[in-house]
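> PDB, C-alpha atoms, file final_13.pdb:
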```pdb
ATOM      1  CA  MET A   3      69.645  -6.866  -1.709
ATOM      2  CA  VAL A   4      66.374  -8.720  -1.106
ATOM      3  CA  GLN A   5      64.208  -9.335  -4.149
ATOM      4  CA  SER A   6      60.662  -8.514  -3.130
ATOM      5  CA  ILE A   7      57.424 -10.049  -4.287
ATOM      6  CA  THR A   8      55.137  -7.209  -5.325
ATOM      7  CA  LEU A   9      51.466  -7.026  -4.470
ATOM      8  CA  LYS A  10      50.643  -7.073  -8.194
ATOM      9  CA  GLN A  11      52.598 -10.318  -8.666
ATOM     10  CA  THR A  12      50.882 -11.949  -5.693
ATOM     11  CA  LEU A  13      47.406 -10.877  -6.852
ATOM     12  CA  PHE A  14      48.137 -12.094 -10.388
ATOM     13  CA  LEU A  15      49.250 -15.488  -9.039
ATOM     14  CA  ALA A  16      46.189 -15.792  -6.785
ATOM     15  CA  THR A  17      43.787 -14.826  -9.603
ATOM     16  CA  THR A  18      45.402 -17.272 -12.037
ATOM     17  CA  LEU A  19      45.266 -20.100  -9.515
ATOM     18  CA  CYS A  20      41.626 -19.425  -8.627
ATOM     19  CA  ALA A  21      40.622 -19.305 -12.307
ATOM     20  CA  ALA A  22      42.324 -22.661 -12.917
ATOM     21  CA  GLY A  23      40.654 -24.264  -9.899
ATOM     22  CA  PRO A  24      37.753 -26.061 -11.598
ATOM     23  CA  ALA A  25      40.144 -27.763 -14.014
ATOM     24  CA  LEU A  26      42.206 -29.324 -11.225
ATOM     25  CA  ALA A  27      41.345 -32.612  -9.516
ATOM     26  CA  GLN A  28      39.703 -32.364  -6.105
ATOM     27  CA  SER A  29      39.676 -34.905  -3.320
ATOM     28  CA  ALA A  30      40.878 -33.782   0.143
ATOM     29  CA  ASP A  31      38.503 -32.039   2.561
ATOM     30  CA  TRP A  32      40.398 -29.143   4.149
ATOM     31  CA  THR A  33      37.730 -28.030   6.654
ATOM     32  CA  GLY A  34      39.029 -28.041  10.223
ATOM     33  CA  ALA A  35      41.619 -26.806  12.684
ATOM     34  CA  TYR A  36      45.349 -27.498  12.556
ATOM     35  CA  VAL A  37      48.461 -27.074  14.729
ATOM     36  CA  GLY A  38      52.049 -27.668  13.745
ATOM     37  CA  ALA A  39      55.598 -26.421  13.350
ATOM     38  CA  GLU A  40      57.704 -24.774  10.672
ATOM     39  CA  ILE A  41      61.397 -24.301   9.994
ATOM     40  CA  GLY A  42      63.210 -22.423   7.280
ATOM     41  CA  TYR A  43      65.471 -19.636   6.188
ATOM     42  CA  ALA A  44      65.120 -15.851   6.484
ATOM     43  CA  THR A  45      66.903 -13.154   4.495
ATOM     44  CA  VAL A  46      66.717  -9.887   6.460
ATOM     45  CA  ASP A  47      67.471  -6.502   4.849
ATOM     46  CA  GLU A  48      67.741  -3.377   6.997
ATOM     47  CA  THR A  49      67.168  -1.058   4.034
ATOM     48  CA  SER A  50      68.011   2.346   5.493
ATOM     49  CA  ALA A  51      71.182   1.179   7.287
ATOM     50  CA  GLY A  52      72.383  -1.307   4.660
ATOM     51  CA  ASN A  53      72.701  -4.286   7.032
ATOM     52  CA  ASP A  54      71.814  -7.681   5.583
ATOM     53  CA  GLU A  55      71.594 -10.948   7.513
ATOM     54  CA  ASP A  56      70.541 -14.500   6.695
ATOM     55  CA  GLY A  57      69.594 -17.158   9.198
ATOM     56  CA  VAL A  58      67.361 -19.934  10.438
ATOM     57  CA  ILE A  59      63.767 -19.203  11.436
ATOM     58  CA  ALA A  60      61.492 -21.711  13.175
ATOM     59  CA  GLY A  61      58.228 -21.691  15.054
ATOM     60  CA  LEU A  62      54.679 -22.854  15.645
ATOM     61  CA  ILE A  63      51.555 -22.572  13.497
ATOM     62  CA  ALA A  64      47.826 -22.875  14.197
ATOM     63  CA  GLY A  65      44.685 -22.078  12.263
ATOM     64  CA  TYR A  66      41.402 -23.109  10.735
ATOM     65  CA  ASP A  67      40.519 -23.779   7.087
ATOM     66  CA  TYR A  68      37.103 -23.980   5.446
ATOM     67  CA  ASP A  69      36.613 -26.006   2.258
ATOM     68  CA  LEU A  70      34.230 -24.371  -0.246
ATOM     69  CA  GLY A  71      34.530 -27.008  -2.972
ATOM     70  CA  SER A  72      37.431 -26.096  -5.244
ATOM     71  CA  LEU A  73      38.332 -23.085  -3.086
ATOM     72  CA  VAL A  74      39.702 -23.191   0.493
ATOM     73  CA  VAL A  75      39.805 -20.148   2.785
ATOM     74  CA  GLY A  76      41.370 -19.944   6.212
ATOM     75  CA  ALA A  77      42.798 -17.898   9.041
ATOM     76  CA  GLY A  78      45.772 -18.633  11.246
ATOM     77  CA  VAL A  79      48.562 -17.450  13.486
ATOM     78  CA  ASP A  80      52.306 -18.143  13.245
ATOM     79  CA  LEU A  81      54.913 -17.524  15.966
ATOM     80  CA  ASP A  82      58.518 -17.751  14.754
ATOM     81  CA  PHE A  83      61.848 -17.380  16.554
ATOM     82  CA  THR A  84      65.094 -16.240  14.968
ATOM     83  CA  GLY A  85      68.420 -14.801  16.007
ATOM     84  CA  SER A  86      69.033 -12.667  12.922
ATOM     85  CA  SER A  87      71.160  -9.606  13.626
ATOM     86  CA  LEU A  88      70.028  -6.087  12.716
ATOM     87  CA  GLY A  89      73.161  -4.066  13.329
ATOM     88  CA  VAL A  90      73.384  -3.733  17.138
ATOM     89  CA  SER A  91      70.016  -5.450  17.707
ATOM     90  CA  ASN A  92      68.576  -8.915  17.066
ATOM     91  CA  LEU A  93      65.297  -9.852  15.454
ATOM     92  CA  ASP A  94      64.119 -12.283  18.136
ATOM     93  CA  ARG A  95      60.525 -13.112  17.226
ATOM     94  CA  ILE A  96      57.922 -12.489  14.595
ATOM     95  CA  TRP A  97      54.278 -13.374  14.786
ATOM     96  CA  ARG A  98      51.638 -13.176  12.092
ATOM     97  CA  LEU A  99      47.857 -13.048  11.914
ATOM     98  CA  LYS A 100      47.106 -14.409   8.492
ATOM     99  CA  LEU A 101      44.376 -15.043   5.998
ATOM    100  CA  ARG A 102      44.815 -17.466   3.149
ATOM    101  CA  ALA A 103      42.862 -18.560   0.116
ATOM    102  CA  GLY A 104      43.713 -21.204  -2.411
ATOM    103  CA  ILE A 105      42.613 -23.861  -4.806
ATOM    104  CA  LYS A 106      42.680 -27.596  -4.331
ATOM    105  CA  ALA A 107      44.876 -29.703  -6.594
ATOM    106  CA  GLY A 108      44.226 -33.355  -5.765
ATOM    107  CA  ASN A 109      45.357 -33.754  -2.160
ATOM    108  CA  GLY A 110      47.242 -30.457  -2.362
ATOM    109  CA  LEU A 111      46.388 -26.830  -1.734
ATOM    110  CA  ILE A 112      47.996 -23.980  -3.694
ATOM    111  CA  TYR A 113      47.390 -20.730  -1.822
ATOM    112  CA  ALA A 114      48.111 -17.030  -1.429
ATOM    113  CA  THR A 115      48.440 -15.568   2.062
ATOM    114  CA  GLY A 116      48.838 -12.213   3.743
ATOM    115  CA  GLY A 117      48.078 -10.204   6.826
ATOM    116  CA  TYR A 118      49.439  -8.478   9.907
ATOM    117  CA  ALA A 119      52.951  -9.118  11.224
ATOM    118  CA  ASN A 120      54.741  -7.979  14.379
ATOM    119  CA  ALA A 121      58.526  -8.085  14.831
ATOM    120  CA  ASP A 122      60.136  -8.152  18.297
ATOM    121  CA  VAL A 123      63.627  -6.700  18.276
ATOM    122  CA  SER A 124      65.974  -7.570  21.189
ATOM    123  CA  SER A 125      62.960  -7.620  23.531
ATOM    124  CA  VAL A 126      63.129  -3.801  23.795
ATOM    125  CA  ALA A 127      61.199  -2.703  20.720
ATOM    126  CA  ASP A 128      58.673  -4.057  18.292
ATOM    127  CA  ASP A 129      57.102  -2.920  15.075
ATOM    128  CA  ASP A 130      53.878  -3.578  13.243
ATOM    129  CA  GLY A 131      54.003  -4.459   9.576
ATOM    130  CA  TYR A 132      52.494  -6.683   6.932
ATOM    131  CA  PHE A 133      53.366  -9.738   4.890
ATOM    132  CA  ILE A 134      52.253 -11.350   1.631
ATOM    133  CA  GLY A 135      53.184 -14.735   0.279
ATOM    134  CA  ALA A 136      52.280 -18.000  -1.380
ATOM    135  CA  GLY A 137      52.550 -21.664  -0.554
ATOM    136  CA  TYR A 138      51.680 -25.262  -1.227
ATOM    137  CA  GLU A 139      50.399 -27.763   1.331
ATOM    138  CA  HIS A 140      49.825 -31.478   0.718
ATOM    139  CA  ARG A 141      47.678 -33.885   2.736
ATOM    140  CA  VAL A 142      49.788 -36.993   3.308
ATOM    141  CA  SER A 143      47.029 -38.546   5.444
ATOM    142  CA  GLN A 144      43.646 -37.553   6.805
ATOM    143  CA  ASN A 145      45.261 -35.877   9.819
ATOM    144  CA  PHE A 146      48.689 -34.747   8.622
ATOM    145  CA  SER A 147      49.874 -32.261   6.001
ATOM    146  CA  ILE A 148      53.269 -30.965   4.914
ATOM    147  CA  GLY A 149      54.077 -27.962   2.795
ATOM    148  CA  GLY A 150      56.165 -24.939   2.074
ATOM    149  CA  GLU A 151      55.591 -21.205   2.149
ATOM    150  CA  VAL A 152      57.450 -18.129   0.885
ATOM    151  CA  ALA A 153      56.579 -14.754   2.426
ATOM    152  CA  TYR A 154      57.740 -11.151   2.036
ATOM    153  CA  HIS A 155      57.585  -8.997   5.212
ATOM    154  CA  LYS A 156      57.778  -5.204   5.515
ATOM    155  CA  PHE A 157      58.325  -3.115   8.669
ATOM    156  CA  ASP A 158      58.758   0.680   8.476
ATOM    157  CA  ASN A 159      59.855   1.643  11.991
ATOM    158  CA  CYS A 160      61.812  -1.264  13.408
ATOM    159  CA  ILE A 161      64.533  -1.415  16.071
ATOM    160  CA  ALA A 162      64.299   1.874  18.013
ATOM    161  CA  PRO A 163      61.799   2.205  20.864
ATOM    162  CA  ALA A 164      59.378   5.151  20.686
ATOM    163  CA  PRO A 165      59.696   8.100  20.368
ATOM    164  CA  ALA A 166      62.942   7.544  18.429
ATOM    165  CA  THR A 167      62.613   6.652  14.788
ATOM    166  CA  GLY A 168      63.612   3.211  13.653
ATOM    167  CA  VAL A 169      64.719   1.837  10.322
ATOM    168  CA  ASN A 170      62.961   0.055   7.517
ATOM    169  CA  VAL A 171      63.298  -3.714   7.596
ATOM    170  CA  GLU A 172      62.258  -6.108   4.840
ATOM    171  CA  PHE A 173      62.734  -9.833   4.881
ATOM    172  CA  VAL A 174      61.799 -12.930   2.978
ATOM    173  CA  THR A 175      61.179 -16.289   4.628
ATOM    174  CA  VAL A 176      61.178 -19.706   2.981
ATOM    175  CA  GLN A 177      59.790 -22.346   5.339
ATOM    176  CA  LEU A 178      58.795 -26.000   5.428
ATOM    177  CA  ARG A 179      55.702 -26.773   7.518
ATOM    178  CA  GLY A 180      54.102 -29.809   9.074
ATOM    179  CA  ALA A 181      50.625 -29.757  10.605
ATOM    180  CA  PHE A 182      48.340 -32.109  12.496
ATOM    181  CA  ARG A 183      44.791 -31.527  11.261
ATOM    182  CA  PHE A 184      41.642 -32.310  13.234
TER     183      PHE A 184
END
```
Would you write out, as structure tokens, the structure that this file holds?

Amino acid sequence: MVQSITLKQTLFLATTLCAAGPALAQSADWTGAYVGAEIGYATVDETSAGNDEDGVIAGLIAGYDYDLGSLVVGAGVDLDFTGSSLGVSNLDRIWRLKLRAGIKAGNGLIYATGGYANADVSSVADDDGYFIGAGYEHRVSQNFSIGGEVAYHKFDNCIAPAPATGVNVEFVTVQLRGAFRF
């Protein structure tokens, strides 16, 4: 069964990191747009039907960050592709509209993220849901960053097209990311 990250745990982590911000070294300027790619692993749990599946997930990322001193805020979009099976269907794509906020740690950024997610199942149905997560990104040069992100996703009516009722799907992604920043 998938271990989920609760909203309380995520908020506690974000609050702790923001409170520690002034004590951490600051150097990189995070203001600007970015585009890149990500690849990782997804653990999918179809909770009401008991189907579990693990697999590769990969996609594209884009967004904009604004540096407020020791705090960085941003918005972005991710589009990921996967072939994870959900019983008789496949989870083909997921896209996210995300907000993130974090603190700078030298040339790194420790952040919490969350927002809207949409899952496309076998190109015949989709479902709206949400995600929450956390990550770390490191500037390796002025225009390139690498990092990792863990996110918990929740969908309540996945798989069946309307008006039929679908099943609950939860999944956790662990992904490595690389971004060109400009």
> Between CA of Tyr132 (chain A) and CA of Arg183 (chain A), what distance in Å does the model show, to one decimal?
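Straight-line distance from CA of Tyr132 (chain A) to CA of Arg183 (chain A) works out to 26.4 Å.
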> Considering all atoms listed in the file, state which residue in the set A:Ile112, A:Val58, A:Leu93, A:Ala136 is at the smallest distance from Ala153 (chain A).
A:Ala136
> Env of Leu111 (chain A): 6 Å cut, atoms = only C-alpha atoms, seq-sep filter 5 positions within chain, self excluded. Answer as an MDAnalysis selection string.
chainID A and resid 105:106 138:139
> Write out as number ranges by chain which residues come within 7 Å of Val174 (chain A) when counting only C-alpha atoms, dropping same-chain ones fewer than 2 positions away.
A: 44-46, 153-155, 176
> Take the residues from that selection and put them in a file with C-alpha atoms, as an mmCIF file, keeping the file's coordinate frame.

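Resulting contents of out_0.cif:
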```
data_model
loop_
_atom_site.group_PDB
_atom_site.id
_atom_site.type_symbol
_atom_site.label_atom_id
_atom_site.label_comp_id
_atom_site.auth_asym_id
_atom_site.auth_seq_id
_atom_site.Cartn_x
_atom_site.Cartn_y
_atom_site.Cartn_z
ATOM 1 C CA ALA A 44 65.120 -15.851 6.484
ATOM 2 C CA THR A 45 66.903 -13.154 4.495
ATOM 3 C CA VAL A 46 66.717 -9.887 6.460
ATOM 4 C CA ALA A 153 56.579 -14.754 2.426
ATOM 5 C CA TYR A 154 57.740 -11.151 2.036
ATOM 6 C CA HIS A 155 57.585 -8.997 5.212
ATOM 7 C CA VAL A 176 61.178 -19.706 2.981
#
```
> May I have the residues within 10 Å of Ala35 (chain A) as a PyMOL selection string, using all atoms listed in the file and disregarding those fewer than 6 positions away in the same chain?
chain A and resi 64-68+76-78+181-184
> Between A:Gly57, A:Gly135, A:Gly34, A:Gly110, which residue has the minimum interatomic distance to Ile148 (chain A), considering only C-alpha atoms?
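The closest residue to Ile148 (chain A) is A:Gly110.
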> Here's the selection I'm unsure about, the PyMOL selection byres ((chain A and resi 141) around 9); applied to the file above, which residues does it give, as a list in words?
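Answer for the PyMOL selection byres ((chain A and resi 141) around 9): Ala30, Trp32, Asn109, Gly110, Leu111, Glu139, His140, Val142, Ser143, Gln144, Asn145, Phe146, Ser147, Ile148 and Gly149 of chain A.
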> As an exercise, work out the distance from CA of Ala121 (chain A) to CA of Gly150 (chain A) in Å and give it to one decimal place.
21.3 Å
> Could you check how far CA of Ala103 (chain A) sits from CA of Val74 (chain A), in Å to one decimal?
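Distance between the two atoms: 5.6 Å.
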> Identify, on the basis of all atoms listed in the file, every residue whose closest approach to Arg102 (chain A) does not exceed 6 Å; exclude the query and any residue fewer than 6 positions from it along the same chain; express the result as a list of chain:residue names.
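Once the nearby chain positions are removed, what remains is A:Val75, A:Gly76, A:Ala114, A:Thr115.
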> Which residue out of A:Asp128, A:Glu151, A:Glu172, A:Asp80 has the minimum interatomic distance to Tyr36 (chain A) when only C-alpha atoms are used?
A:Asp80
> Edge lengths and centre in Å to one decimal, as AutoDock Vina command-line options, of the axis-aligned box that encloses all listed atoms of region 95-106 of chain A with 3 Å added on every side?

```
--center_x 51.6 --center_y -20.0 --center_z 6.2 --size_x 23.9 --size_y 21.1 --size_z 28.0
```
